[in-house]
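Undergrad: Have a peek at coords05.cif (mmCIF, C-alpha atoms and all ligand atoms).
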```cif
data_query
#
loop_
_atom_site.label_atom_id
_atom_site.label_comp_id
_atom_site.auth_asym_id
_atom_site.auth_seq_id
_atom_site.Cartn_x
_atom_site.Cartn_y
_atom_site.Cartn_z
CA MET A 1 0.00 0.00 0.00
CA LEU A 2 2.73 2.45 1.02
CA ASP A 3 6.30 2.09 -0.14
CA VAL A 4 8.93 4.46 1.25
CA GLU A 5 12.24 3.82 -0.44
CA ASN A 6 15.62 5.22 0.63
CA VAL A 7 14.21 8.54 1.78
CA THR A 8 16.60 11.19 3.09
CA LYS A 9 15.52 14.49 4.67
CA ARG A 10 18.00 17.04 6.01
CA PHE A 11 17.51 20.20 8.04
CA GLY A 12 20.75 22.12 7.55
CA GLY A 13 23.41 19.85 9.03
CA ILE A 14 20.92 17.51 10.69
CA ILE A 15 20.02 14.33 8.83
CA ALA A 16 16.50 13.76 10.17
CA LEU A 17 15.90 10.79 7.85
CA ASN A 18 18.86 8.79 6.60
CA LYS A 19 17.92 6.48 3.70
CA VAL A 20 14.73 5.29 5.36
CA SER A 21 12.85 2.42 3.75
CA PHE A 22 9.51 1.38 5.16
CA THR A 23 6.38 -0.29 3.82
CA VAL A 24 2.79 -0.59 4.97
CA GLU A 25 0.56 -3.40 3.74
CA SER A 26 -3.18 -2.92 3.45
CA GLY A 27 -4.95 -3.56 6.78
CA GLU A 28 -1.86 -3.34 9.00
CA PHE A 29 -1.75 -1.86 12.51
CA ILE A 30 1.85 -0.76 13.09
CA GLY A 31 3.59 0.88 16.03
CA LEU A 32 6.36 3.38 15.23
CA ILE A 33 8.75 4.00 18.12
CA GLY A 34 12.12 5.59 18.75
CA PRO A 35 13.78 8.11 21.07
CA ASN A 36 13.08 11.86 20.85
CA GLY A 37 14.49 13.33 17.67
CA SER A 38 14.89 9.97 15.92
CA GLY A 39 12.84 11.10 12.90
CA LYS A 40 9.34 9.70 13.51
CA THR A 41 7.43 12.93 12.91
CA THR A 42 9.69 13.81 10.00
CA LEU A 43 8.84 10.47 8.39
CA VAL A 44 5.12 11.31 8.69
CA ASN A 45 5.83 14.80 7.35
CA VAL A 46 7.61 13.57 4.21
CA VAL A 47 4.95 10.91 3.53
CA THR A 48 2.13 13.46 3.90
CA GLY A 49 3.81 16.14 1.79
CA VAL A 50 4.72 18.62 4.53
CA TYR A 51 8.38 18.26 3.51
CA LYS A 52 9.90 17.12 0.26
CA PRO A 53 12.71 14.59 0.74
CA GLU A 54 16.12 15.30 -0.82
CA GLU A 55 16.45 11.70 -1.89
CA GLY A 56 14.25 8.66 -2.29
CA ARG A 57 10.81 7.81 -3.50
CA ILE A 58 7.41 7.39 -1.86
CA ALA A 59 4.64 5.44 -3.58
CA PHE A 60 1.07 4.97 -2.40
CA GLN A 61 -1.19 2.37 -4.00
CA GLY A 62 1.10 2.26 -6.99
CA SER A 63 1.39 5.99 -7.68
CA ASP A 64 4.42 8.15 -6.97
CA ILE A 65 3.51 10.75 -4.32
CA THR A 66 7.04 12.05 -3.62
CA GLY A 67 6.90 15.81 -3.12
CA LYS A 68 3.18 16.11 -3.90
CA PRO A 69 1.25 18.72 -1.89
CA SER A 70 -0.44 17.58 1.34
CA HIS A 71 -4.00 18.10 0.13
CA SER A 72 -3.39 15.88 -2.93
CA ILE A 73 -1.89 13.14 -0.75
CA CYS A 74 -4.81 13.44 1.67
CA ARG A 75 -7.31 13.13 -1.19
CA LEU A 76 -5.50 9.99 -2.37
CA GLY A 77 -6.21 8.44 1.04
CA ILE A 78 -3.44 9.22 3.55
CA SER A 79 -4.38 11.19 6.63
CA ARG A 80 -2.58 12.04 9.85
CA THR A 81 -3.02 13.59 13.26
CA PHE A 82 -0.61 16.13 14.72
CA GLN A 83 1.52 15.72 17.82
CA ILE A 84 -0.06 18.90 19.24
CA PRO A 85 -3.81 19.03 18.53
CA GLN A 86 -4.75 22.34 16.96
CA PRO A 87 -8.50 22.46 16.50
CA ILE A 88 -10.10 25.77 15.58
CA GLU A 89 -10.99 26.57 19.16
CA ASP A 90 -13.97 28.87 18.65
CA MET A 91 -15.66 26.53 16.19
CA THR A 92 -17.76 23.59 17.40
CA VAL A 93 -16.59 20.00 17.31
CA TYR A 94 -19.00 19.36 14.43
CA GLU A 95 -17.72 22.37 12.47
CA ASN A 96 -14.10 21.31 12.93
CA VAL A 97 -14.83 17.84 11.55
CA ALA A 98 -17.07 19.19 8.76
CA LEU A 99 -14.29 21.55 7.68
CA SER A 100 -11.82 18.73 7.13
CA ASN A 101 -14.50 16.68 5.34
CA ARG A 102 -15.35 19.59 3.00
CA PHE A 103 -11.67 20.20 2.30
CA CYS A 104 -10.42 16.65 1.68
CA GLY A 105 -13.40 14.29 2.09
CA ASP A 106 -16.62 13.60 0.23
CA GLY A 107 -18.57 16.68 1.39
CA LYS A 108 -21.29 14.48 2.93
CA ASP A 109 -22.85 15.31 6.27
CA GLU A 110 -23.30 11.60 7.04
CA THR A 111 -19.52 11.10 6.77
CA VAL A 112 -19.02 13.87 9.35
CA TRP A 113 -21.49 12.23 11.75
CA GLU A 114 -19.96 8.82 11.17
CA ALA A 115 -16.51 10.21 12.09
CA LEU A 116 -17.97 11.81 15.23
CA LYS A 117 -19.70 8.57 16.22
CA LEU A 118 -16.64 6.40 15.60
CA CYS A 119 -14.72 8.66 17.97
CA GLY A 120 -17.53 8.82 20.54
CA LEU A 121 -17.94 12.58 20.08
CA GLU A 122 -21.53 12.83 18.87
CA ASP A 123 -22.70 14.15 22.27
CA LYS A 124 -20.05 16.89 22.09
CA ALA A 125 -20.85 17.94 18.52
CA TYR A 126 -22.13 21.41 19.42
CA ILE A 127 -19.51 22.24 22.04
CA GLU A 128 -16.73 24.67 21.12
CA ALA A 129 -13.51 22.77 20.48
CA GLY A 130 -11.60 25.05 22.87
CA LYS A 131 -13.73 23.76 25.77
CA LEU A 132 -12.74 20.10 25.32
CA ILE A 133 -10.42 18.27 27.70
CA LEU A 134 -7.21 16.72 26.34
CA VAL A 135 -8.57 13.24 25.54
CA GLU A 136 -11.52 14.80 23.70
CA LYS A 137 -9.17 17.07 21.74
CA ARG A 138 -7.21 13.99 20.71
CA LEU A 139 -10.44 12.24 19.66
CA LEU A 140 -11.42 15.36 17.71
CA GLU A 141 -8.04 15.32 15.98
CA LEU A 142 -8.76 11.70 15.09
CA ALA A 143 -12.30 12.49 13.90
CA ARG A 144 -10.95 15.25 11.63
CA ALA A 145 -8.50 12.79 10.12
CA ILE A 146 -11.18 10.11 9.63
CA ALA A 147 -13.59 12.58 8.02
CA THR A 148 -11.24 12.74 5.02
CA ARG A 149 -11.97 9.01 4.50
CA PRO A 150 -8.38 7.74 4.65
CA ARG A 151 -7.12 4.27 3.71
CA LEU A 152 -3.96 4.92 5.74
CA LEU A 153 -3.75 6.87 8.97
CA PHE A 154 -0.65 8.17 10.79
CA LEU A 155 -1.15 9.01 14.46
CA ASP A 156 1.58 11.17 15.96
CA GLU A 157 1.58 10.54 19.72
CA VAL A 158 -2.20 10.59 19.84
CA ALA A 159 -2.20 9.04 23.34
CA ALA A 160 0.56 11.18 24.92
CA GLY A 161 -0.35 12.54 28.34
CA LEU A 162 -3.53 10.46 28.65
CA ARG A 163 -4.52 8.34 31.64
CA PRO A 164 -4.54 4.51 31.30
CA GLY A 165 -8.36 4.37 31.00
CA GLU A 166 -8.32 7.10 28.35
CA ILE A 167 -5.61 5.28 26.39
CA ARG A 168 -7.72 2.09 26.49
CA HIS A 169 -10.72 4.00 25.16
CA LEU A 170 -8.68 5.62 22.39
CA ALA A 171 -7.08 2.28 21.50
CA SER A 172 -10.51 0.63 21.23
CA VAL A 173 -11.49 3.37 18.75
CA LEU A 174 -8.30 2.67 16.79
CA ARG A 175 -8.98 -1.08 16.78
CA ASP A 176 -12.46 -0.40 15.44
CA LEU A 177 -11.06 1.81 12.66
CA ASN A 178 -8.49 -0.84 11.78
CA SER A 179 -11.21 -3.53 11.64
CA ARG A 180 -13.05 -1.29 9.18
CA GLY A 181 -10.09 -1.54 6.85
CA ILE A 182 -8.06 1.58 7.70
CA SER A 183 -4.35 0.83 7.96
CA ILE A 184 -2.78 2.54 10.97
CA VAL A 185 0.73 3.67 11.92
CA TRP A 186 0.72 4.72 15.58
CA ILE A 187 3.67 6.69 16.99
CA GLU A 188 3.77 6.17 20.76
CA HIS A 189 6.40 6.41 23.49
CA ASN A 190 4.41 4.20 25.87
CA VAL A 191 5.67 0.96 24.32
CA VAL A 192 4.14 -1.25 27.01
CA GLU A 193 0.65 0.03 26.06
CA LEU A 194 1.40 0.14 22.34
CA VAL A 195 2.34 -3.53 22.02
CA LYS A 196 -1.04 -4.55 23.41
CA TYR A 197 -2.58 -3.35 20.17
CA VAL A 198 -0.12 -3.44 17.28
CA ARG A 199 1.03 -6.49 15.36
CA ARG A 200 4.25 -4.97 14.05
CA VAL A 201 6.73 -2.50 15.48
CA VAL A 202 9.12 -0.27 13.52
CA VAL A 203 11.97 1.28 15.51
CA MET A 204 13.81 4.46 14.49
CA HIS A 205 17.08 5.75 15.89
CA PHE A 206 19.11 8.74 14.59
CA GLY A 207 17.08 8.96 11.39
CA ARG A 208 17.33 5.29 10.51
CA VAL A 209 15.01 2.31 10.82
CA ILE A 210 16.96 -0.02 13.13
CA ALA A 211 14.35 -2.77 13.56
CA ASP A 212 11.06 -3.82 12.05
CA GLY A 213 8.81 -6.78 12.75
CA ASP A 214 7.04 -8.82 15.38
CA PRO A 215 6.89 -6.83 18.69
CA SER A 216 8.03 -9.72 20.92
CA ARG A 217 11.15 -10.23 18.79
CA VAL A 218 11.94 -6.57 18.00
CA LEU A 219 11.70 -5.34 21.59
CA ARG A 220 14.29 -7.89 22.72
CA LEU A 221 16.93 -6.82 20.21
CA PRO A 222 19.92 -5.36 22.11
CA GLU A 223 20.15 -2.29 19.82
CA VAL A 224 16.48 -1.51 20.50
CA VAL A 225 16.77 -1.94 24.27
CA GLU A 226 19.90 0.22 24.19
CA SER A 227 18.32 3.05 22.19
CA TYR A 228 15.48 3.15 24.73
CA LEU A 229 17.66 2.51 27.78
CA GLY A 230 16.15 3.89 30.95
CA ARG A 231 12.66 4.18 29.59
CA LEU A 232 11.73 0.68 28.42
CA ALA A 233 11.16 -2.15 30.83
CA VAL A 234 10.40 -5.24 28.76
N1 LIG B 301 11.43 21.87 10.82
C1 LIG B 301 12.60 21.48 11.31
N2 LIG B 301 13.68 22.27 11.25
C2 LIG B 301 14.89 21.87 11.73
N3 LIG B 301 15.10 20.68 12.31
C3 LIG B 301 14.06 19.85 12.40
C4 LIG B 301 12.75 20.19 11.91
N4 LIG B 301 11.92 19.15 12.14
C5 LIG B 301 12.66 18.20 12.75
N5 LIG B 301 13.94 18.61 12.91
C6 LIG B 301 15.03 17.83 13.50
O1 LIG B 301 15.02 16.55 12.89
C7 LIG B 301 15.28 15.52 13.85
C8 LIG B 301 14.11 14.56 13.88
O2 LIG B 301 13.00 15.21 14.49
P1 LIG B 301 11.56 14.57 14.59
O3 LIG B 301 10.65 15.65 15.04
O4 LIG B 301 11.23 13.88 13.33
O5 LIG B 301 11.78 13.49 15.74
P2 LIG B 301 10.72 12.58 16.51
O6 LIG B 301 11.23 11.19 16.42
O7 LIG B 301 9.35 12.86 16.04
O8 LIG B 301 10.90 13.06 18.03
P3 LIG B 301 9.83 13.21 19.24
O9 LIG B 301 9.67 11.83 19.81
O10 LIG B 301 10.49 14.12 20.19
O11 LIG B 301 8.56 13.77 18.67
C9 LIG B 301 15.55 16.23 15.16
O12 LIG B 301 16.94 16.42 15.29
C10 LIG B 301 14.83 17.57 14.98
O13 LIG B 301 15.41 18.56 15.78
MG MG B 302 7.66 13.62 16.93
#
```
Could you quickly redo this structure as structure tokens?
Ligand SMILES: Nc1ncnc2c1ncn2[C@@H]1O[C@H](COP(=O)(O)OP(=O)(O)OP(=O)(O)O)[C@@H](O)[C@H]1O
Ligand SMILES: [Mg+2]

TA:
Amino acid sequence: MLDVENVTKRFGGIIALNKVSFTVESGEFIGLIGPNGSGKTTLVNVVTGVYKPEEGRIAFQGSDITGKPSHSICRLGISRTFQIPQPIEDMTVYENVALSNRFCGDGKDETVWEALKLCGLEDKAYIEAGKLILVEKRLLELARAIATRPRLLFLDEVAAGLRPGEIRHLASVLRDLNSRGISIVWIEHNVVELVKYVRRVVVMHFGRVIADGDPSRVLRLPEVVESYLGRLAV
């Protein structure tokens, strides 16, 4: 479905992505982990057209999307949430979701309500986004992404700062989306929670993919344990 091949992205002297190759098959639920600054968000940014890579090629469902603008990539079926949710605070929850649906979705009101329902936000539809608590803001961010009708969804630390019960709720929403056929790449520092849900883990370190595969195998690799030393207890 997605094929990232030898992608390099530099910021001045920093090599944020160093010949990264990474694939997503249709229907997958993948965890993307790695220490701060290892290139996770940058990977999402080059796939979704925020940045153009200096080298490499990105293909989605057979077509080359390297360097295409974000809205075109979104309309082809890749959506993402941002590490820091930025809803339009003085618009309602409904209006925020409708806006993303009008911009990159099918323009149908039923799609907006479906996205709200899938995220458990239908009761909050007419509340101003600025009044939501953190978990609701994260669910709104997710609803906005879903309202564009993606086939592939990148979630950038969508559960960061949430309580265990809130993470479980969010993860059950993600499982539901995945069972409906949306492929998911979930960036998450809480690896212990993450591995309860994902079937594959990709590990980044200093702009490279250092491991990729079955969570129980990958998380035992010495180079993975070392790159997460002090924060991972598996
Ligand atoms: N717009 C930018 N300008 C300059 N440097 C950047 C920019 N975006 C990212 N970087 C640098 O690229 C590297 C990778 O950053 P990135 O945000 O992708 O890491 P990350 O894995 O998402 O980290 P975190 O877990 O903290 O979110 C870091 O050294 C970062 O400082
Ligand atoms: Mg990041």

Undergrad: Dump the neighbourhood of ligand MG 302 (chain B) as a ChimeraX atom specification: all residues within 7 Å, distances computed on only C-alpha atoms and all ligand atoms.

TA: /A:36-37,40-41,83,156

Undergrad: Mind dumping the selected residues with C-alpha atoms as a compact mmCIF listing (two decimals), in the coordinates of the input?

TA:
```txt
# COMPACT_ATOMS: atom_id res chain seq x y z
CA ASN A 36 13.08 11.86 20.85
CA GLY A 37 14.49 13.33 17.67
CA LYS A 40 9.34 9.70 13.51
CA THR A 41 7.43 12.93 12.91
CA GLN A 83 1.52 15.72 17.82
CA ASP A 156 1.58 11.17 15.96
```

Undergrad: Please check which protein, DNA or RNA residues sit within 10 Å of ligand LIG 301 (chain B), counting only C-alpha atoms and all ligand atoms, and write them as a PyMOL selection string.

TA: chain A and resi 9-17+32-46+50-51+83+156-157+187-189+203-207

Undergrad: Would you mind listing what lies within 8 Å of A:Val198 as a ChimeraX atom specification, with only C-alpha atoms counted and same-chain residues fewer than 2 positions away left out?

TA: /A:29-31,194-196,200-201,215

Undergrad: With distances taken over all atoms listed in the file, which residue among A:Ser179, A:Thr111, A:Ser72, A:Thr81 lies nearest A:Leu140?

TA: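 With all atoms listed in the file as the atom set, the closest residue is A:Thr81.
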
Undergrad: Have a look at atom CA of A:Arg144 and atom CA of A:Lys68 and let me know their distance in Å, one decimal.

TA: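 Atom-to-atom, atom CA of A:Arg144 to atom CA of A:Lys68, that is 21.0 Å.
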
Undergrad: For A:Gly56, which of A:Val224, A:Leu134, A:Val97, A:Val7 is the closest residue, counting all atoms listed in the file?

TA: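 Residue with the minimum atom-to-atom distance to A:Gly56: A:Val7.
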
Undergrad: Quick one, how far is atom CA of A:Gly130 from atom CA of A:Gln86?

TA: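 Distance between the two atoms: 9.4 Å.
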
Undergrad: Which is closer to A:Glu28 than all the others in A:Leu174, A:Ile58, A:Val225, A:Ile210, using only C-alpha atoms?

TA: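 Smallest distance to A:Glu28 is found for A:Leu174.
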